[in-house]
>>> print(open('final-v1.cif').read())   # mmCIF, C-alpha atoms
data_start
#
loop_
_atom_site.label_atom_id
_atom_site.label_comp_id
_atom_site.auth_asym_id
_atom_site.auth_seq_id
_atom_site.Cartn_x
_atom_site.Cartn_y
_atom_site.Cartn_z
CA MET A 215 174.31 30.89 51.13
CA ASP A 216 172.83 33.70 53.25
CA ALA A 217 169.56 33.50 55.16
CA ALA A 218 167.54 35.64 52.76
CA ALA A 219 168.22 33.37 49.83
CA THR A 220 166.53 30.42 51.54
CA TYR A 221 163.15 32.18 51.39
CA SER A 222 161.10 32.38 48.24
CA PRO A 223 160.02 35.87 47.01
CA ALA A 224 156.40 34.83 47.46
CA GLN A 225 156.92 34.68 51.23
CA PHE A 226 158.13 38.28 51.32
CA ILE A 227 155.16 39.34 49.22
CA ALA A 228 152.83 37.54 51.63
CA VAL A 229 154.41 39.30 54.63
CA PHE A 230 154.11 42.69 52.92
CA ALA A 231 150.53 41.97 51.89
CA ILE A 232 149.59 41.09 55.47
CA ALA A 233 151.31 44.22 56.77
CA ALA A 234 149.55 46.37 54.16
CA ALA A 235 146.17 44.87 55.03
CA GLY A 236 146.95 45.45 58.72
CA PHE A 237 147.73 49.13 58.10
CA ALA A 238 144.49 49.51 56.15
CA LEU A 239 142.17 47.52 58.41
CA GLY A 240 143.79 48.27 61.79
CA PRO A 241 142.67 51.92 62.01
CA LEU A 242 139.20 50.97 60.78
CA ALA A 243 138.92 48.31 63.47
CA LEU A 244 140.20 50.74 66.12
CA ALA A 245 137.68 53.38 65.00
CA TRP A 246 134.91 50.80 65.14
CA LEU A 247 135.91 49.70 68.65
CA TRP A 248 136.20 53.33 69.77
CA ALA A 249 132.74 54.15 68.45
CA LYS A 250 131.33 51.07 70.18
CA LYS A 251 132.88 52.03 73.50
CA PHE A 252 132.57 55.80 73.63
CA SER A 253 130.39 57.41 70.96
CA PRO A 254 126.94 55.91 70.48
CA GLN A 255 125.29 56.01 67.07
CA LYS A 256 122.45 58.49 66.76
CA PRO A 257 120.65 58.02 63.49
CA GLY A 258 117.54 60.07 62.72
CA PRO A 259 115.19 60.88 59.87
CA THR A 260 116.98 64.11 58.87
CA LYS A 261 120.44 62.63 59.28
CA ASN A 262 119.55 59.62 57.18
CA ALA A 263 117.97 61.75 54.45
CA ILE A 264 119.50 61.28 51.02
CA TYR A 265 119.66 64.91 49.98
CA GLU A 266 122.28 66.90 51.83
CA CYS A 267 122.07 70.58 50.85
CA GLY A 268 119.60 71.68 53.51
CA LEU A 269 116.46 71.39 51.43
CA GLU A 270 114.06 68.49 51.47
CA SER A 271 113.89 66.44 48.31
CA LYS A 272 110.64 66.77 46.37
CA GLY A 273 108.99 64.59 43.75
CA ASP A 274 110.23 61.46 42.06
CA ALA A 275 113.63 60.81 40.54
CA TRP A 276 112.08 58.46 37.95
CA VAL A 277 111.34 60.99 35.21
CA GLN A 278 110.65 59.92 31.62
CA PHE A 279 112.52 61.26 28.62
CA ARG A 280 110.60 61.96 25.41
CA SER A 281 110.72 58.94 23.14
CA GLU A 282 111.14 61.23 20.07
CA TYR A 283 114.78 61.60 20.99
CA TYR A 284 115.51 58.41 19.04
CA LEU A 285 115.46 60.55 15.86
CA TYR A 286 118.31 62.70 17.15
CA GLY A 287 120.11 59.49 18.10
CA ILE A 288 119.83 58.14 14.56
CA ILE A 289 120.96 61.41 12.92
CA PHE A 290 123.90 61.65 15.32
CA LEU A 291 124.88 58.08 14.49
CA VAL A 292 124.70 58.70 10.72
CA PHE A 293 127.03 61.69 10.77
CA ASP A 294 129.30 60.60 13.61
CA VAL A 295 129.95 57.06 12.41
CA GLU A 296 130.33 58.30 8.86
CA THR A 297 133.07 60.74 9.92
CA ILE A 298 134.91 58.12 11.94
CA PHE A 299 135.06 55.65 9.04
CA LEU A 300 135.45 58.13 6.17
CA LEU A 301 138.71 59.61 7.42
CA PRO A 302 140.73 56.31 7.48
CA PHE A 303 138.97 55.37 4.24
CA ALA A 304 140.24 58.55 2.57
CA VAL A 305 143.76 58.13 3.99
CA ALA A 306 144.08 54.51 2.79
CA PHE A 307 142.18 55.09 -0.46
CA GLY A 308 145.21 54.69 -2.78
CA GLY A 309 146.10 51.21 -1.53
CA LEU A 310 142.59 49.73 -1.37
CA SER A 311 141.43 46.72 -3.40
CA VAL A 312 138.22 46.79 -5.44
CA GLY A 313 136.48 44.52 -2.89
CA ALA A 314 137.31 46.85 0.00
CA PHE A 315 136.13 49.85 -2.02
CA LEU A 316 132.81 48.16 -2.81
CA ALA A 317 132.33 47.14 0.84
CA MET A 318 132.88 50.74 1.89
CA MET A 319 130.40 51.95 -0.73
CA VAL A 320 127.75 49.56 0.61
CA PHE A 321 128.39 50.87 4.11
CA LEU A 322 128.09 54.48 2.92
CA LEU A 323 124.92 53.61 1.02
CA LEU A 324 123.34 52.28 4.22
CA LEU A 325 124.17 55.50 6.06
CA ALA A 326 122.99 57.68 3.16
CA GLU A 327 119.78 55.67 3.06
CA GLY A 328 119.21 56.49 6.74
CA LEU A 329 119.86 60.17 6.00
CA VAL A 330 117.38 60.17 3.10
CA TRP A 331 114.79 58.50 5.32
CA ALA A 332 115.27 61.13 8.01
CA TRP A 333 115.14 63.92 5.41
CA THR A 334 111.83 62.74 3.94
CA LYS A 335 110.46 62.36 7.48
CA GLY A 336 111.21 66.05 8.02
CA VAL A 337 113.62 65.59 10.90
CA LEU A 338 116.19 67.95 9.40
CA THR A 339 113.88 70.97 9.22
CA TRP A 340 114.32 73.32 12.15
CA LYS A 341 111.09 73.98 13.98
CA MET B 286 138.23 51.72 84.63
CA ALA B 287 136.83 51.34 88.18
CA ASN B 288 138.17 52.87 91.44
CA GLY B 289 139.35 56.11 89.84
CA GLN B 290 141.71 54.31 87.50
CA ARG B 291 141.93 55.40 83.91
CA ALA B 292 143.56 53.98 80.84
CA ARG B 293 146.76 55.85 80.11
CA LEU B 294 149.22 55.83 77.30
CA VAL B 295 152.86 55.80 78.36
CA ILE B 296 155.49 56.98 75.96
CA ARG B 297 158.96 55.90 76.96
CA HIS B 298 161.98 55.39 74.78
CA SER B 299 159.67 55.54 71.78
CA SER B 300 157.74 52.48 72.84
CA PHE B 301 153.98 52.65 73.41
CA VAL B 302 152.43 50.83 76.36
CA ILE B 303 148.82 51.04 77.50
CA PHE B 304 147.97 50.18 81.09
CA LEU B 305 145.99 51.40 84.05
CA MET B 306 147.52 54.04 86.30
CA ASP B 307 146.34 56.44 88.99
CA GLU B 308 147.19 60.13 89.45
CA GLY B 309 149.92 59.51 92.09
CA LEU B 310 151.86 57.08 89.93
CA ARG B 311 151.53 59.51 87.05
CA ASN B 312 153.15 62.31 89.07
CA GLU B 313 155.83 59.95 90.39
CA LEU B 314 156.73 58.82 86.89
CA GLN B 315 156.80 62.42 85.66
CA LYS B 316 159.53 63.19 88.23
CA GLN B 317 161.56 60.36 86.73
CA GLY B 318 161.20 61.83 83.26
CA ILE B 319 158.46 59.52 82.03
CA TYR B 320 155.52 61.46 80.66
CA THR B 321 152.12 59.85 80.38
CA VAL B 322 148.96 61.00 78.67
CA LYS B 323 145.29 60.15 79.15
CA LEU B 324 143.50 58.44 76.29
CA GLU B 325 140.91 61.22 76.59
CA GLU B 326 143.59 63.91 76.20
CA LEU B 327 145.07 62.17 73.16
CA TYR B 328 141.60 61.88 71.61
CA ASN B 329 140.73 65.51 72.26
CA TRP B 330 144.15 66.66 71.04
CA GLY B 331 143.56 64.89 67.75
CA ARG B 332 140.03 66.22 67.39
CA LYS B 333 140.78 69.83 68.24
CA ASN B 334 143.53 69.96 65.62
CA SER B 335 141.40 68.64 62.78
CA VAL B 336 138.14 70.57 62.96
CA TRP B 337 136.65 70.54 59.46
CA PRO B 338 134.15 73.34 58.86
CA LEU B 339 131.16 73.12 56.58
CA SER B 340 131.64 75.40 53.57
CA PHE B 341 128.56 77.41 54.04
CA GLY B 342 128.11 81.18 54.27
CA LEU B 343 124.99 83.30 54.54
CA ALA B 344 126.11 86.91 54.18
CA CYS B 345 129.05 89.32 54.38
CA CYS B 346 130.58 87.47 57.38
CA ALA B 347 131.28 84.64 54.97
CA ILE B 348 133.69 86.95 53.11
CA GLU B 349 135.68 87.36 56.31
CA MET B 350 135.49 83.59 56.84
CA MET B 351 136.96 83.06 53.35
CA ALA B 352 139.67 85.61 54.11
CA ALA B 353 140.49 83.73 57.33
CA SER B 354 141.04 80.54 55.34
CA MET B 355 143.39 82.25 52.86
CA ALA B 356 147.14 82.82 53.10
CA ARG B 357 147.14 86.02 55.13
CA TRP B 358 145.32 84.61 58.18
CA ASP B 359 145.78 80.96 57.28
CA LEU B 360 143.21 78.87 59.11
CA ALA B 361 145.32 75.84 58.15
CA ARG B 362 147.48 76.56 61.19
CA PHE B 363 144.58 75.24 63.27
CA GLY B 364 144.00 72.21 61.07
CA ALA B 365 140.70 73.70 59.97
CA GLU B 366 141.34 74.63 56.36
CA VAL B 367 139.44 71.66 54.95
CA PHE B 368 136.08 73.24 54.22
CA ARG B 369 133.76 70.36 53.36
CA PRO B 370 130.97 70.74 50.82
CA SER B 371 128.84 68.08 52.53
CA PRO B 372 127.49 68.13 56.10
CA ARG B 373 128.32 64.42 56.32
CA GLN B 374 132.03 65.22 56.44
CA ALA B 375 132.00 68.37 58.55
CA ASP B 376 132.63 68.82 62.30
CA LEU B 377 131.95 72.51 62.57
CA MET B 378 129.21 74.77 61.29
CA ILE B 379 130.26 78.41 61.07
CA VAL B 380 126.98 80.32 60.85
CA ALA B 381 128.53 83.25 59.01
CA GLY B 382 125.95 85.94 58.40
CA THR B 383 122.32 86.93 58.60
CA VAL B 384 119.99 84.00 59.22
CA THR B 385 116.65 84.90 57.69
CA LYS B 386 113.55 83.12 58.89
CA LYS B 387 113.19 81.54 55.48
CA MET B 388 116.72 80.13 55.70
CA THR B 389 116.51 78.90 59.30
CA PRO B 390 114.92 75.47 58.56
CA GLN B 391 117.69 74.78 56.04
CA VAL B 392 120.42 75.75 58.52
CA VAL B 393 118.94 73.53 61.23
CA ARG B 394 118.52 70.67 58.74
CA LEU B 395 122.17 70.97 57.70
CA PHE B 396 123.22 70.91 61.33
CA ASN B 397 121.09 67.80 61.90
CA GLN B 398 122.78 66.09 58.97
CA MET B 399 126.25 66.60 60.41
CA PRO B 400 127.60 63.60 62.33
CA GLU B 401 128.61 63.91 65.97
CA PRO B 402 130.87 65.32 67.38
CA LYS B 403 129.73 68.62 65.89
CA TYR B 404 130.15 72.22 66.92
CA VAL B 405 128.70 75.60 65.98
CA ILE B 406 130.36 79.00 65.80
CA ALA B 407 127.84 81.82 65.44
CA MET B 408 129.80 84.49 63.58
CA GLY B 409 128.77 88.11 63.60
CA ALA B 410 126.06 90.26 65.13
CA CYS B 411 123.32 88.82 62.88
CA ALA B 412 124.03 85.18 63.66
CA ILE B 413 124.19 85.76 67.40
CA SER B 414 121.30 88.22 67.82
CA GLY B 415 119.82 89.42 64.53
CA GLY B 416 122.24 92.35 64.50
CA PRO B 417 121.04 95.49 62.70
CA PHE B 418 117.98 93.56 61.51
CA LYS B 419 116.90 92.57 65.01
CA GLN B 420 113.80 94.78 64.88
CA GLY B 421 112.89 93.54 61.41
CA TYR B 422 110.22 91.02 60.60
CA ASN B 423 112.22 88.53 58.53
CA VAL B 424 115.47 87.89 60.38
CA LEU B 425 115.98 85.30 63.09
CA LYS B 426 117.18 86.91 66.32
CA GLY B 427 120.09 84.53 66.81
CA ILE B 428 120.66 80.97 65.56
CA ASP B 429 121.09 79.84 69.19
CA ARG B 430 117.28 79.74 69.37
CA PHE B 431 117.36 76.47 67.44
CA ILE B 432 120.81 74.87 67.62
CA PRO B 433 123.35 74.77 70.46
CA VAL B 434 126.02 77.39 69.71
CA ASP B 435 129.47 76.73 71.17
CA VAL B 436 131.17 80.05 70.44
CA HIS B 437 129.57 83.43 69.73
CA ILE B 438 131.57 86.13 67.89
CA PRO B 439 130.27 89.70 67.97
CA GLY B 440 131.17 92.18 65.24
CA CYS B 441 129.70 93.44 62.00
CA PRO B 442 131.44 91.69 60.39
CA PRO B 443 134.05 90.30 62.80
CA ARG B 444 137.60 90.49 61.49
CA PRO B 445 139.34 87.22 60.57
CA GLU B 446 141.35 87.56 63.79
CA ALA B 447 138.07 87.31 65.70
CA LEU B 448 137.24 84.09 63.85
CA LEU B 449 140.71 82.75 64.68
CA HIS B 450 140.07 83.62 68.32
CA ALA B 451 136.77 81.77 68.13
CA PHE B 452 138.63 78.77 66.73
CA MET B 453 141.09 78.86 69.60
CA THR B 454 138.21 79.15 72.06
CA LEU B 455 136.53 76.16 70.43
CA GLN B 456 139.78 74.18 70.57
CA LYS B 457 140.00 74.93 74.29
CA LYS B 458 136.41 73.77 74.66
CA ILE B 459 137.07 70.52 72.77
CA ASP B 460 140.17 69.94 74.88
CA GLU B 461 138.12 70.02 78.07
CA GLN B 462 135.41 67.61 76.91
CA LYS B 463 135.00 64.40 78.90
CA LEU B 464 134.66 60.95 77.39
CA THR B 465 132.88 59.37 80.33
CA GLY B 466 131.05 60.40 83.48
CA PRO B 467 127.98 62.57 84.07
CA ASN B 468 129.55 65.69 82.46
CA ARG B 469 130.64 63.92 79.29
CA ALA B 470 130.37 65.53 75.88
CA ARG B 471 127.08 65.39 73.97
CA HIS B 472 128.42 62.96 71.38
CA CYS B 473 129.47 60.51 74.10
CA ASP B 474 126.08 60.57 75.82
CA PRO B 475 123.63 58.09 74.29
CA ASP B 476 120.65 60.04 75.68
CA ALA B 477 121.67 63.50 74.40
CA PRO B 478 119.99 64.47 71.14
CA SER B 479 121.94 64.69 67.90
CA GLU B 480 119.06 66.12 65.86
CA PHE B 481 117.17 69.26 66.77
CA PRO B 482 113.57 70.01 65.74
CA ILE B 483 113.38 71.85 62.42
CA PRO B 484 111.06 74.89 62.57
CA GLN B 485 108.46 75.49 59.88
CA PHE B 486 108.33 78.73 57.92
CA GLY B 487 104.90 79.88 59.10
CA GLU B 488 102.60 82.70 58.11
CA HIS B 489 103.95 85.31 60.56
CA ASP B 490 106.98 83.70 62.21
CA LEU B 491 108.81 80.44 62.49
CA VAL B 492 106.74 77.70 64.10
CA PRO B 493 107.85 77.27 66.87
CA PRO B 494 109.70 80.61 67.24
CA SER B 495 112.43 78.95 69.33
CA ASN B 496 113.45 75.60 70.76
CA PRO B 497 113.05 75.87 74.57
CA ASN B 498 115.45 72.93 75.12
CA VAL B 499 118.25 74.83 73.40
CA TRP B 500 117.45 78.50 73.95
CA LYS B 501 117.46 79.41 77.61
CA PRO B 502 117.82 83.18 77.90
CA ALA B 503 118.57 84.69 81.27
CA VAL B 504 115.43 85.98 82.93
CA VAL B 505 115.60 89.70 83.63
CA VAL B 506 114.15 90.49 87.06
CA ARG B 507 113.20 94.14 87.54
CA GLY B 508 112.31 96.02 90.71
#
>>> encode(input="final-v1.cif", output="structure tokens")
Amino acid sequence: MDAAATYSPAQFIAVFAIAAAGFALGPLALAWLWAKKFSPQKPGPTKNAIYECGLESKGDAWVQFRSEYYLYGIIFLVFDVETIFLLPFAVAFGGLSVGAFLAMMVFLLLLAEGLVWAWTKGVLTWK
Amino acid sequence: MANGQRARLVIRHSSFVIFLMDEGLRNELQKQGIYTVKLEELYNWGRKNSVWPLSFGLACCAIEMMAASMARWDLARFGAEVFRPSPRQADLMIVAGTVTKKMTPQVVRLFNQMPEPKYVIAMGACAISGGPFKQGYNVLKGIDRFIPVDVHIPGCPPRPEALLHAFMTLQKKIDEQKLTGPNRARHCDPDAPSEFPIPQFGEHDLVPPSNPNVWKPAVVVRG
């Protein structure tokens, strides 16, 4: 039996893991020590500023979106989800049981109901 | 590091040893075929060969700067092809073109946002003096009024060769920078400023029109 066979593979993995961590952390530690010894930190208000394209940032990032956008969300959902489910439904239509067909019809009815609601609300007219 | 001793890196038979050595021992070893290098030299050698410029151009000089980074002139030979889109990652600001008074606060702010060690190349007649617009009302008469410029390149616009020469000049400058002592580089000196005052775009001129700590023109004595 040779020497390598007496070690378990986990030991090799541990050695490689330690070496890999050393290669990753060693340069970082050296850079940190170098900075500590030779190049002092010089933070400042401009340097610490968030925006970095030369201009000063203005105003607040917390802007509000119009709450009416929920209508577009609902319409998108009606058409998008309908398309996603209708295509496999059409492909598998020949092999479907009556129960599955009825379940699909109920689902379509719900979506159509949403569409009718949006239509009567006047969402679909272009203003 | 006392008594004139410096940390040196000895390379011998591909083994690396760090210990203290004086100049005489260094020369003695060199005669025996053992070459040593200062930590400072190794540091500067690494820095001068990886100067990353800020991708930032103001006028026609920027076209020449782009040409210098392309295959024909190939700035990559100097390790400086990595134009960074953020000042946080850049070492070098190439002020390539006309600096208008409206643009000056932005240029100074970008320079302030760069981390040390940082350098400036003022490229072209406009950036170093205002160039053909020197007598105008809206152009800054040289960016060295607000930020410390390391290399000036004249020309309108300077050819890419001139920019390459400026790079080599800057590399020479980086190579000579000291880590310690009274003449050490700005980034090694805790008291030297890293940020420079940003001028305001005033009603008639920039306020203040120049930074007296940076801009020290030679006084002309007549008579």
>>> atom_distance(input="final-v1.cif", atom1="CA of Ala381 (chain B)", atom2="CA of Gln485 (chain B)")
21.5 Å
>>> interface_residues(input="final-v1.cif", of="chain A", to="chain B", cutoff="9 Å", atoms="all atoms listed in the file", output="list in words")
Phe252, Ser253, Pro254, Gln255, Lys256, Pro257, Gly258, Pro259, Thr260, Lys261, Asn262, Ala263, Glu266, Cys267, Gly268, Leu269 and Glu270 of chain A
>>> atom_distance(input="final-v1.cif", atom1="CA of Arg332 (chain B)", atom2="CA of Ile459 (chain B)")
7.5 Å
>>> residues_around(input="final-v1.cif", residues="region 287-297 of chain A", least_positions_apart="6", cutoff="12 Å", atoms="all atoms listed in the file", output="list in words")
Ser281, Phe303, Ala304, Met318, Met319, Phe321, Leu322, Leu323, Leu324, Leu325, Ala326, Glu327, Gly328, Leu329, Val330, Trp331, Ala332, Trp333, Lys335, Gly336, Val337 and Leu338 of chain A
>>> resolve_selection(input="final-v1.cif", expression="the PyMOL selection byres ((chain B and resi 365) around 9)", output="tab-separated table (two decimals) with C-alpha atoms, keeping the file's coordinate frame")
chain	number	residue	atom	x	y	z
B	334	ASN	CA	143.53	69.96	65.62
B	335	SER	CA	141.40	68.64	62.78
B	336	VAL	CA	138.14	70.57	62.96
B	337	TRP	CA	136.65	70.54	59.46
B	338	PRO	CA	134.15	73.34	58.86
B	354	SER	CA	141.04	80.54	55.34
B	360	LEU	CA	143.21	78.87	59.11
B	361	ALA	CA	145.32	75.84	58.15
B	362	ARG	CA	147.48	76.56	61.19
B	363	PHE	CA	144.58	75.24	63.27
B	364	GLY	CA	144.00	72.21	61.07
B	366	GLU	CA	141.34	74.63	56.36
B	367	VAL	CA	139.44	71.66	54.95
B	368	PHE	CA	136.08	73.24	54.22
B	452	PHE	CA	138.63	78.77	66.73
>>> atom_distance(input="final-v1.cif", atom1="CA of Pro497 (chain B)", atom2="CA of Met408 (chain B)")
21.8 Å
>>> resolve_selection(input="final-v1.cif", expression="the PyMOL selection byres ((chain B and resi 351) around 10)", output="list in words")
Ser340, Gly342, Cys346, Ala347, Ile348, Glu349, Met350, Ala352, Ala353, Ser354, Met355, Trp358, Asp359, Leu360, Glu366, Phe368 and Pro445 of chain B
>>> resolve_selection(input="final-v1.cif", expression="the PyMOL selection byres ((chain B and resi 429) around 9)", output="list of chain:residue names")
B:Ala407, B:Ala412, B:Ile413, B:Ser414, B:Lys426, B:Gly427, B:Ile428, B:Arg430, B:Phe431, B:Ile432, B:Pro433, B:Val434, B:Ser495, B:Asn496, B:Val499, B:Trp500
